[in-house]
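Engineer: What follows is the file query00.pdb, containing PDB, C-alpha atoms and all ligand atoms:
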```pdb
ATOM      1  CA  MET A  16      50.179  -6.725 -26.700  1.00  0.00           C
ATOM      2  CA  LYS A  17      47.650  -3.896 -26.515  1.00  0.00           C
ATOM      3  CA  GLU A  18      48.155  -0.883 -24.234  1.00  0.00           C
ATOM      4  CA  PRO A  19      46.316  -1.228 -20.926  1.00  0.00           C
ATOM      5  CA  ARG A  20      43.056   0.702 -20.923  1.00  0.00           C
ATOM      6  CA  ILE A  21      41.057   2.080 -18.025  1.00  0.00           C
ATOM      7  CA  ARG A  22      37.286   1.832 -17.845  1.00  0.00           C
ATOM      8  CA  ALA A  23      34.472   1.876 -15.287  1.00  0.00           C
ATOM      9  CA  MET A  24      34.153  -1.332 -13.290  1.00  0.00           C
ATOM     10  CA  ARG A  25      31.173  -3.535 -14.134  1.00  0.00           C
ATOM     11  CA  LEU A  26      29.460  -5.958 -11.806  1.00  0.00           C
ATOM     12  CA  SER A  27      30.675  -8.773 -14.072  1.00  0.00           C
ATOM     13  CA  ASP A  28      34.294  -7.715 -13.281  1.00  0.00           C
ATOM     14  CA  LEU A  29      33.894  -8.658  -9.606  1.00  0.00           C
ATOM     15  CA  PRO A  30      35.317 -12.229  -9.830  1.00  0.00           C
ATOM     16  CA  ALA A  31      38.516 -10.966 -11.513  1.00  0.00           C
ATOM     17  CA  VAL A  32      38.714  -7.943  -9.200  1.00  0.00           C
ATOM     18  CA  MET A  33      38.329 -10.187  -6.150  1.00  0.00           C
ATOM     19  CA  GLU A  34      40.970 -12.558  -7.487  1.00  0.00           C
ATOM     20  CA  ILE A  35      43.511  -9.720  -7.731  1.00  0.00           C
ATOM     21  CA  GLY A  36      42.397  -8.376  -4.340  1.00  0.00           C
ATOM     22  CA  GLY A  37      42.916 -11.820  -2.809  1.00  0.00           C
ATOM     23  CA  ARG A  38      46.470 -11.964  -4.159  1.00  0.00           C
ATOM     24  CA  SER A  39      47.294  -8.378  -3.204  1.00  0.00           C
ATOM     25  CA  LEU A  40      45.691  -7.321   0.056  1.00  0.00           C
ATOM     26  CA  PRO A  41      46.001  -8.815   3.555  1.00  0.00           C
ATOM     27  CA  ARG A  42      42.270  -8.284   4.159  1.00  0.00           C
ATOM     28  CA  PRO A  43      40.573  -8.361   0.774  1.00  0.00           C
ATOM     29  CA  TRP A  44      36.962  -7.234   0.600  1.00  0.00           C
ATOM     30  CA  SER A  45      34.236  -9.860   0.570  1.00  0.00           C
ATOM     31  CA  GLU A  46      31.703  -9.971  -2.258  1.00  0.00           C
ATOM     32  CA  VAL A  47      29.123  -8.345   0.049  1.00  0.00           C
ATOM     33  CA  VAL A  48      31.412  -5.376   0.674  1.00  0.00           C
ATOM     34  CA  TRP A  49      32.274  -5.106  -3.016  1.00  0.00           C
ATOM     35  CA  ARG A  50      28.616  -5.044  -3.992  1.00  0.00           C
ATOM     36  CA  GLU A  51      27.825  -2.375  -1.390  1.00  0.00           C
ATOM     37  CA  GLU A  52      30.667  -0.232  -2.656  1.00  0.00           C
ATOM     38  CA  PHE A  53      29.792  -0.892  -6.278  1.00  0.00           C
ATOM     39  CA  TYR A  54      26.261   0.434  -5.786  1.00  0.00           C
ATOM     40  CA  SER A  55      27.264   3.388  -3.580  1.00  0.00           C
ATOM     41  CA  PRO A  56      26.221   6.689  -5.176  1.00  0.00           C
ATOM     42  CA  PHE A  57      29.483   8.194  -3.864  1.00  0.00           C
ATOM     43  CA  GLY A  58      31.757   5.522  -5.312  1.00  0.00           C
ATOM     44  CA  LEU A  59      33.978   5.667  -8.377  1.00  0.00           C
ATOM     45  CA  TYR A  60      35.402   2.290  -9.369  1.00  0.00           C
ATOM     46  CA  LEU A  61      37.748   1.834 -12.322  1.00  0.00           C
ATOM     47  CA  ILE A  62      39.618  -1.160 -13.678  1.00  0.00           C
ATOM     48  CA  LEU A  63      42.669  -1.487 -15.844  1.00  0.00           C
ATOM     49  CA  GLU A  64      42.566  -4.154 -18.526  1.00  0.00           C
ATOM     50  CA  GLU A  65      45.056  -5.423 -21.029  1.00  0.00           C
ATOM     51  CA  SER A  66      44.139  -7.751 -23.917  1.00  0.00           C
ATOM     52  CA  SER A  67      40.782  -8.210 -22.095  1.00  0.00           C
ATOM     53  CA  ALA A  68      42.491  -9.427 -18.895  1.00  0.00           C
ATOM     54  CA  LEU A  69      41.960  -7.327 -15.796  1.00  0.00           C
ATOM     55  CA  CYS A  70      45.258  -6.281 -14.219  1.00  0.00           C
ATOM     56  CA  GLY A  71      44.340  -3.612 -11.665  1.00  0.00           C
ATOM     57  CA  PHE A  72      41.614  -1.617 -10.007  1.00  0.00           C
ATOM     58  CA  ILE A  73      40.978   1.488  -7.935  1.00  0.00           C
ATOM     59  CA  GLY A  74      38.046   2.656  -5.848  1.00  0.00           C
ATOM     60  CA  LEU A  75      37.364   6.197  -4.659  1.00  0.00           C
ATOM     61  CA  LYS A  76      34.625   7.638  -2.492  1.00  0.00           C
ATOM     62  CA  LEU A  77      33.743  11.217  -3.401  1.00  0.00           C
ATOM     63  CA  ILE A  78      31.943  13.395  -0.892  1.00  0.00           C
ATOM     64  CA  SER A  79      31.835  17.180  -1.137  1.00  0.00           C
ATOM     65  CA  ASP A  80      35.377  18.371  -1.910  1.00  0.00           C
ATOM     66  CA  GLU A  81      37.015  15.211  -0.556  1.00  0.00           C
ATOM     67  CA  ALA A  82      38.115  12.084  -2.371  1.00  0.00           C
ATOM     68  CA  HIS A  83      38.960   9.022  -0.317  1.00  0.00           C
ATOM     69  CA  VAL A  84      40.992   6.243  -1.916  1.00  0.00           C
ATOM     70  CA  MET A  85      39.167   3.148  -0.666  1.00  0.00           C
ATOM     71  CA  THR A  86      41.180   0.469  -2.429  1.00  0.00           C
ATOM     72  CA  ILE A  87      43.821   0.003  -5.108  1.00  0.00           C
ATOM     73  CA  ALA A  88      45.766  -2.977  -6.394  1.00  0.00           C
ATOM     74  CA  VAL A  89      47.773  -4.024  -9.429  1.00  0.00           C
ATOM     75  CA  CYS A  90      48.257  -7.720 -10.198  1.00  0.00           C
ATOM     76  CA  PRO A  91      51.677  -8.924  -9.005  1.00  0.00           C
ATOM     77  CA  GLU A  92      52.936  -9.703 -12.544  1.00  0.00           C
ATOM     78  CA  ARG A  93      52.427  -6.102 -13.711  1.00  0.00           C
ATOM     79  CA  ARG A  94      53.774  -4.127 -10.788  1.00  0.00           C
ATOM     80  CA  ARG A  95      56.413  -1.431 -10.995  1.00  0.00           C
ATOM     81  CA  GLN A  96      55.364  -0.382 -14.481  1.00  0.00           C
ATOM     82  CA  GLY A  97      53.534   2.798 -13.554  1.00  0.00           C
ATOM     83  CA  LEU A  98      50.059   1.251 -13.588  1.00  0.00           C
ATOM     84  CA  ALA A  99      49.001   2.272 -10.065  1.00  0.00           C
ATOM     85  CA  ARG A 100      50.127   5.817 -10.728  1.00  0.00           C
ATOM     86  CA  THR A 101      48.106   5.765 -13.957  1.00  0.00           C
ATOM     87  CA  LEU A 102      45.044   4.458 -12.093  1.00  0.00           C
ATOM     88  CA  ILE A 103      45.204   7.185  -9.435  1.00  0.00           C
ATOM     89  CA  LYS A 104      45.655   9.935 -12.002  1.00  0.00           C
ATOM     90  CA  ALA A 105      42.827   8.549 -14.133  1.00  0.00           C
ATOM     91  CA  ALA A 106      40.430   8.324 -11.176  1.00  0.00           C
ATOM     92  CA  LEU A 107      41.189  11.893 -10.118  1.00  0.00           C
ATOM     93  CA  SER A 108      40.716  13.104 -13.705  1.00  0.00           C
ATOM     94  CA  GLU A 109      37.226  11.611 -14.034  1.00  0.00           C
ATOM     95  CA  PRO A 110      34.348  14.105 -14.194  1.00  0.00           C
ATOM     96  CA  ALA A 111      33.038  12.634 -10.911  1.00  0.00           C
ATOM     97  CA  SER A 112      36.231  13.812  -9.189  1.00  0.00           C
ATOM     98  CA  ALA A 113      36.052  17.355 -10.548  1.00  0.00           C
ATOM     99  CA  GLY A 114      35.030  18.869  -7.197  1.00  0.00           C
ATOM    100  CA  ALA A 115      37.735  17.100  -5.183  1.00  0.00           C
ATOM    101  CA  ARG A 116      40.236  19.404  -3.466  1.00  0.00           C
ATOM    102  CA  HIS A 117      41.717  16.952  -0.960  1.00  0.00           C
ATOM    103  CA  VAL A 118      42.491  13.270  -1.364  1.00  0.00           C
ATOM    104  CA  TYR A 119      42.772  11.009   1.693  1.00  0.00           C
ATOM    105  CA  LEU A 120      43.792   7.436   2.203  1.00  0.00           C
ATOM    106  CA  GLU A 121      44.889   5.016   4.894  1.00  0.00           C
ATOM    107  CA  VAL A 122      47.932   2.822   4.456  1.00  0.00           C
ATOM    108  CA  ARG A 123      49.726   0.262   6.593  1.00  0.00           C
ATOM    109  CA  PRO A 124      53.073   1.587   7.893  1.00  0.00           C
ATOM    110  CA  SER A 125      54.572  -1.745   6.735  1.00  0.00           C
ATOM    111  CA  ASN A 126      53.362  -1.232   3.144  1.00  0.00           C
ATOM    112  CA  LEU A 127      56.469   0.484   1.862  1.00  0.00           C
ATOM    113  CA  ALA A 128      55.552   0.074  -1.825  1.00  0.00           C
ATOM    114  CA  ALA A 129      52.206   1.841  -1.389  1.00  0.00           C
ATOM    115  CA  ARG A 130      53.712   4.572   0.793  1.00  0.00           C
ATOM    116  CA  ALA A 131      56.371   5.225  -1.855  1.00  0.00           C
ATOM    117  CA  LEU A 132      53.696   5.302  -4.563  1.00  0.00           C
ATOM    118  CA  TYR A 133      51.596   7.863  -2.693  1.00  0.00           C
ATOM    119  CA  ALA A 134      54.632   9.978  -1.750  1.00  0.00           C
ATOM    120  CA  SER A 135      55.692  10.015  -5.416  1.00  0.00           C
ATOM    121  CA  LEU A 136      52.350  11.652  -6.217  1.00  0.00           C
ATOM    122  CA  GLY A 137      52.672  14.318  -3.516  1.00  0.00           C
ATOM    123  CA  PHE A 138      50.728  12.690  -0.664  1.00  0.00           C
ATOM    124  CA  VAL A 139      52.072  13.546   2.790  1.00  0.00           C
ATOM    125  CA  GLU A 140      51.578  11.745   6.091  1.00  0.00           C
ATOM    126  CA  THR A 141      49.089  13.740   8.153  1.00  0.00           C
ATOM    127  CA  GLY A 142      48.106  11.417  10.979  1.00  0.00           C
ATOM    128  CA  VAL A 143      47.831   7.960  12.506  1.00  0.00           C
ATOM    129  CA  ARG A 144      44.660   5.956  13.086  1.00  0.00           C
ATOM    130  CA  PRO A 145      45.518   3.657  15.999  1.00  0.00           C
ATOM    131  CA  GLY A 146      44.453   0.022  15.548  1.00  0.00           C
ATOM    132  CA  TYR A 147      42.742   0.799  12.235  1.00  0.00           C
ATOM    133  CA  TYR A 148      43.564  -2.575  10.670  1.00  0.00           C
ATOM    134  CA  GLY A 149      43.162  -4.557  13.879  1.00  0.00           C
ATOM    135  CA  ASP A 150      46.690  -5.920  13.633  1.00  0.00           C
ATOM    136  CA  GLU A 151      48.331  -2.609  12.639  1.00  0.00           C
ATOM    137  CA  ASP A 152      47.783   1.147  12.881  1.00  0.00           C
ATOM    138  CA  ALA A 153      47.037   3.118   9.730  1.00  0.00           C
ATOM    139  CA  LEU A 154      48.948   6.106   8.478  1.00  0.00           C
ATOM    140  CA  LEU A 155      46.660   8.789   7.096  1.00  0.00           C
ATOM    141  CA  MET A 156      48.065  10.313   3.920  1.00  0.00           C
ATOM    142  CA  THR A 157      46.673  13.435   2.298  1.00  0.00           C
ATOM    143  CA  LEU A 158      47.090  15.169  -1.027  1.00  0.00           C
ATOM    144  CA  ASP A 159      46.054  18.801  -1.369  1.00  0.00           C
ATOM    145  CA  LEU A 160      45.158  19.069  -5.047  1.00  0.00           C
ATOM    146  CA  ARG A 161      45.147  22.882  -4.915  1.00  0.00           C
ATOM    147  CA  LYS A 162      48.828  22.940  -3.916  1.00  0.00           C
ATOM    148  CA  ASN A 163      49.826  19.731  -5.687  1.00  0.00           C
ATOM    149  CA  PRO A 164      47.811  19.241  -8.882  1.00  0.00           C
ATOM    150  CA  LEU A 165      48.633  15.900 -10.464  1.00  0.00           C
ATOM    151  CA  PRO A 166      50.620  16.248 -13.715  1.00  0.00           C
TER     152      PRO A 166
HETATM  153  C1  LIG B 201      51.060  -0.521  -4.131  1.00  0.00           C
HETATM  154  C2  LIG B 201      50.762  -0.958  -5.561  1.00  0.00           C
HETATM  155  C3  LIG B 201      49.298  -0.637  -5.911  1.00  0.00           C
HETATM  156  C4  LIG B 201      51.707  -0.190  -6.513  1.00  0.00           C
HETATM  157  O1  LIG B 201      51.375  -0.564  -7.852  1.00  0.00           O
HETATM  158  P1  LIG B 201      52.417  -0.424  -9.051  1.00  0.00           P
HETATM  159  O2  LIG B 201      51.649  -0.455 -10.329  1.00  0.00           O
HETATM  160  O3  LIG B 201      53.508  -1.408  -8.888  1.00  0.00           O
HETATM  161  O4  LIG B 201      53.016   1.036  -8.798  1.00  0.00           O
HETATM  162  P2  LIG B 201      53.687   1.965  -9.888  1.00  0.00           P
HETATM  163  O5  LIG B 201      54.475   1.136 -10.855  1.00  0.00           O
HETATM  164  O6  LIG B 201      52.666   2.901 -10.465  1.00  0.00           O
HETATM  165  O7  LIG B 201      54.735   2.777  -8.988  1.00  0.00           O
HETATM  166  C5  LIG B 201      54.768   4.184  -8.943  1.00  0.00           C
HETATM  167  C6  LIG B 201      55.843   4.578  -7.938  1.00  0.00           C
HETATM  168  O8  LIG B 201      55.525   4.058  -6.640  1.00  0.00           O
HETATM  169  C7  LIG B 201      56.749   3.671  -5.973  1.00  0.00           C
HETATM  170  N1  LIG B 201      56.751   2.214  -5.803  1.00  0.00           N
HETATM  171  C8  LIG B 201      55.832   1.331  -6.262  1.00  0.00           C
HETATM  172  N2  LIG B 201      56.158   0.080  -5.858  1.00  0.00           N
HETATM  173  C9  LIG B 201      57.291   0.192  -5.126  1.00  0.00           C
HETATM  174  C10 LIG B 201      58.117  -0.747  -4.448  1.00  0.00           C
HETATM  175  N3  LIG B 201      57.821  -2.066  -4.439  1.00  0.00           N
HETATM  176  N4  LIG B 201      59.195  -0.297  -3.776  1.00  0.00           N
HETATM  177  C11 LIG B 201      59.515   1.030  -3.777  1.00  0.00           C
HETATM  178  N5  LIG B 201      58.776   1.969  -4.436  1.00  0.00           N
HETATM  179  C12 LIG B 201      57.683   1.550  -5.082  1.00  0.00           C
HETATM  180  C13 LIG B 201      57.865   4.126  -6.870  1.00  0.00           C
HETATM  181  O9  LIG B 201      58.164   5.489  -6.561  1.00  0.00           O
HETATM  182  C14 LIG B 201      57.220   4.036  -8.237  1.00  0.00           C
HETATM  183  O10 LIG B 201      57.835   4.841  -9.198  1.00  0.00           O
HETATM  184  P3  LIG B 201      59.124   4.273  -9.999  1.00  0.00           P
HETATM  185  O11 LIG B 201      58.817   2.856 -10.425  1.00  0.00           O
HETATM  186  O12 LIG B 201      59.234   5.238 -11.156  1.00  0.00           O
HETATM  187  O13 LIG B 201      60.259   4.321  -9.044  1.00  0.00           O
HETATM  188  C15 LIG B 201      51.046  -2.483  -5.752  1.00  0.00           C
HETATM  189  O14 LIG B 201      52.300  -2.787  -5.196  1.00  0.00           O
HETATM  190  C16 LIG B 201      49.995  -3.366  -5.137  1.00  0.00           C
HETATM  191  O15 LIG B 201      48.978  -3.713  -5.768  1.00  0.00           O
HETATM  192  N6  LIG B 201      50.227  -3.763  -3.856  1.00  0.00           N
HETATM  193  C17 LIG B 201      49.264  -4.612  -3.139  1.00  0.00           C
HETATM  194  C18 LIG B 201      47.980  -3.862  -2.834  1.00  0.00           C
HETATM  195  C19 LIG B 201      48.247  -2.637  -1.971  1.00  0.00           C
HETATM  196  O16 LIG B 201      49.153  -2.620  -1.149  1.00  0.00           O
HETATM  197  N7  LIG B 201      47.411  -1.614  -2.156  1.00  0.00           N
HETATM  198  C20 LIG B 201      47.525  -0.366  -1.407  1.00  0.00           C
HETATM  199  C21 LIG B 201      46.791  -0.466  -0.142  1.00  0.00           C
HETATM  200  S1  LIG B 201      46.906   1.074   0.787  1.00  0.00           S
END
```
What is this file in structure tokens?
Structural biologist:
Amino acid sequence: MKEPRIRAMRLSDLPAVMEIGGRSLPRPWSEVVWREEFYSPFGLYLILEESSALCGFIGLKLISDEAHVMTIAVCPERRRQGLARTLIKAALSEPASAGARHVYLEVRPSNLAARALYASLGFVETGVRPGYYGDEDALLMTLDLRKNPLP
């Protein structure tokens, strides 16, 4: 089997991206939201593919010196093999991310896998957004790239 490779998301990837999102996230984005994000001038969307099958994706929003992780998922069959970590590092190494000094994201307190992933990369919990998900608060996690450059 070929090594997974990371490339920019294409509009034609949306069905496969949405399929993984539907199996991974409690509130997956609709096609309308995906298209809005896809065409955003501030967005950076990457996918991970293996033998031409899509197995993960990440989306960042880049404004000024801030990067916001908007979404990330790895297909259930390929989890715990370092792919999410690879996706985050790849997105933050893209030329579009060159000006980013701080990285932010929201995560459900109940999502222990994602919290452990972010903590393993140096993110720290910096706040709570009450009722963010409707059914759950969000933890705000932040990575200061000046103090914690990714290896
Ligand atoms: C969260 C998610 C993206 C992690 O993807 P992944 O490819 O399995 O993560 P990685 O293999 O890169 O894990 C890197 C580190 O994160 C931590 N981690 C990841 N999954 C974990 C789990 N289930 N339990 C504990 N720690 C976990 C570990 O520290 C791991 O390093 P290790 O395997 O060397 O111990 C994946 O579980 C997923 O798609 N979940 C559903 C979507 C989601 O929750 N997205 C985040 C929304 S905020």
Engineer: Give the residue list for ligand LIG 201 (chain B) at 8 Å, counting only C-alpha atoms and all ligand atoms, as a PyMOL selection string, sorted by chain and then by residue number.
Structural biologist: chain A and resi 36+38-40+71+86-91+93-102+120-123+126-135
Engineer: When distances are computed from all atoms listed in the file, which of A:Ile103, A:Leu75, A:Met33, A:Val143 shows the smallest separation from Ser55 (chain A)?
Structural biologist: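 Closest to Ser55 (chain A) of all the choices is A:Leu75.
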Engineer: What is the CA of Gly114 (chain A)-CA of Ser79 (chain A) distance in Å, reported with one decimal?
Structural biologist: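 Between CA of Gly114 (chain A) and CA of Ser79 (chain A) the gap works out to 7.1 Å.
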Engineer: Of the candidates A:Met85, A:Leu160, A:Ala113, A:Cys70, which shows the shortest atom-to-atom distance to Trp44 (chain A), using all atoms listed in the file?
Structural biologist: A:Met85
Engineer: Can you list what the PyMOL selection byres (((chain A and resi 158) around 8) and not hetatm) grabs from this structure, as a PyMOL selection string?
Structural biologist: chain A and resi 117-119+137-139+156-157+159-160+163
Engineer: Between CA of Arg22 (chain A) and CA of Tyr60 (chain A), what distance in Å does the model show, to one decimal?
Structural biologist: 8.7 Å
Engineer: Separation of CA of Gly37 (chain A) and CA of Gly149 (chain A), in Å?
Structural biologist: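 A separation of 18.2 Å between them.
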Engineer: I'd like to see the residues matched by the PyMOL selection byres (((chain A and resi 49) around 12) and not hetatm) on this file, and ideally I'd get them as a PDB file with C-alpha atoms, in the frame of the given file.
Structural biologist:
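The result, written out as out.pdb:
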```pdb
ATOM      1  CA  MET A  24      34.153  -1.332 -13.290  1.00  0.00           C
ATOM      2  CA  ARG A  25      31.173  -3.535 -14.134  1.00  0.00           C
ATOM      3  CA  LEU A  26      29.460  -5.958 -11.806  1.00  0.00           C
ATOM      4  CA  SER A  27      30.675  -8.773 -14.072  1.00  0.00           C
ATOM      5  CA  ASP A  28      34.294  -7.715 -13.281  1.00  0.00           C
ATOM      6  CA  LEU A  29      33.894  -8.658  -9.606  1.00  0.00           C
ATOM      7  CA  PRO A  30      35.317 -12.229  -9.830  1.00  0.00           C
ATOM      8  CA  VAL A  32      38.714  -7.943  -9.200  1.00  0.00           C
ATOM      9  CA  MET A  33      38.329 -10.187  -6.150  1.00  0.00           C
ATOM     10  CA  GLY A  36      42.397  -8.376  -4.340  1.00  0.00           C
ATOM     11  CA  PRO A  43      40.573  -8.361   0.774  1.00  0.00           C
ATOM     12  CA  TRP A  44      36.962  -7.234   0.600  1.00  0.00           C
ATOM     13  CA  SER A  45      34.236  -9.860   0.570  1.00  0.00           C
ATOM     14  CA  GLU A  46      31.703  -9.971  -2.258  1.00  0.00           C
ATOM     15  CA  VAL A  47      29.123  -8.345   0.049  1.00  0.00           C
ATOM     16  CA  VAL A  48      31.412  -5.376   0.674  1.00  0.00           C
ATOM     17  CA  ARG A  50      28.616  -5.044  -3.992  1.00  0.00           C
ATOM     18  CA  GLU A  51      27.825  -2.375  -1.390  1.00  0.00           C
ATOM     19  CA  GLU A  52      30.667  -0.232  -2.656  1.00  0.00           C
ATOM     20  CA  PHE A  53      29.792  -0.892  -6.278  1.00  0.00           C
ATOM     21  CA  TYR A  54      26.261   0.434  -5.786  1.00  0.00           C
ATOM     22  CA  SER A  55      27.264   3.388  -3.580  1.00  0.00           C
ATOM     23  CA  GLY A  58      31.757   5.522  -5.312  1.00  0.00           C
ATOM     24  CA  TYR A  60      35.402   2.290  -9.369  1.00  0.00           C
ATOM     25  CA  ILE A  73      40.978   1.488  -7.935  1.00  0.00           C
ATOM     26  CA  GLY A  74      38.046   2.656  -5.848  1.00  0.00           C
ATOM     27  CA  MET A  85      39.167   3.148  -0.666  1.00  0.00           C
ATOM     28  CA  THR A  86      41.180   0.469  -2.429  1.00  0.00           C
TER      29      THR A  86
END
```
Engineer: Using all atoms listed in the file for the distances, tell me which of A:Ala82, A:Ala31, A:Ala106, A:Ile21 is nearest to Leu63 (chain A).
Structural biologist: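 Answer, going by the shortest atom-to-atom distance: A:Ile21.
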Engineer: Applied to the shown file, which residues does the PyMOL selection byres (((chain A and resi 65) around 8) and not hetatm) return, written as JSON, numbers by chain?
Structural biologist: {"A": [16, 17, 18, 19, 20, 63, 64, 66, 67, 68, 69, 70]}
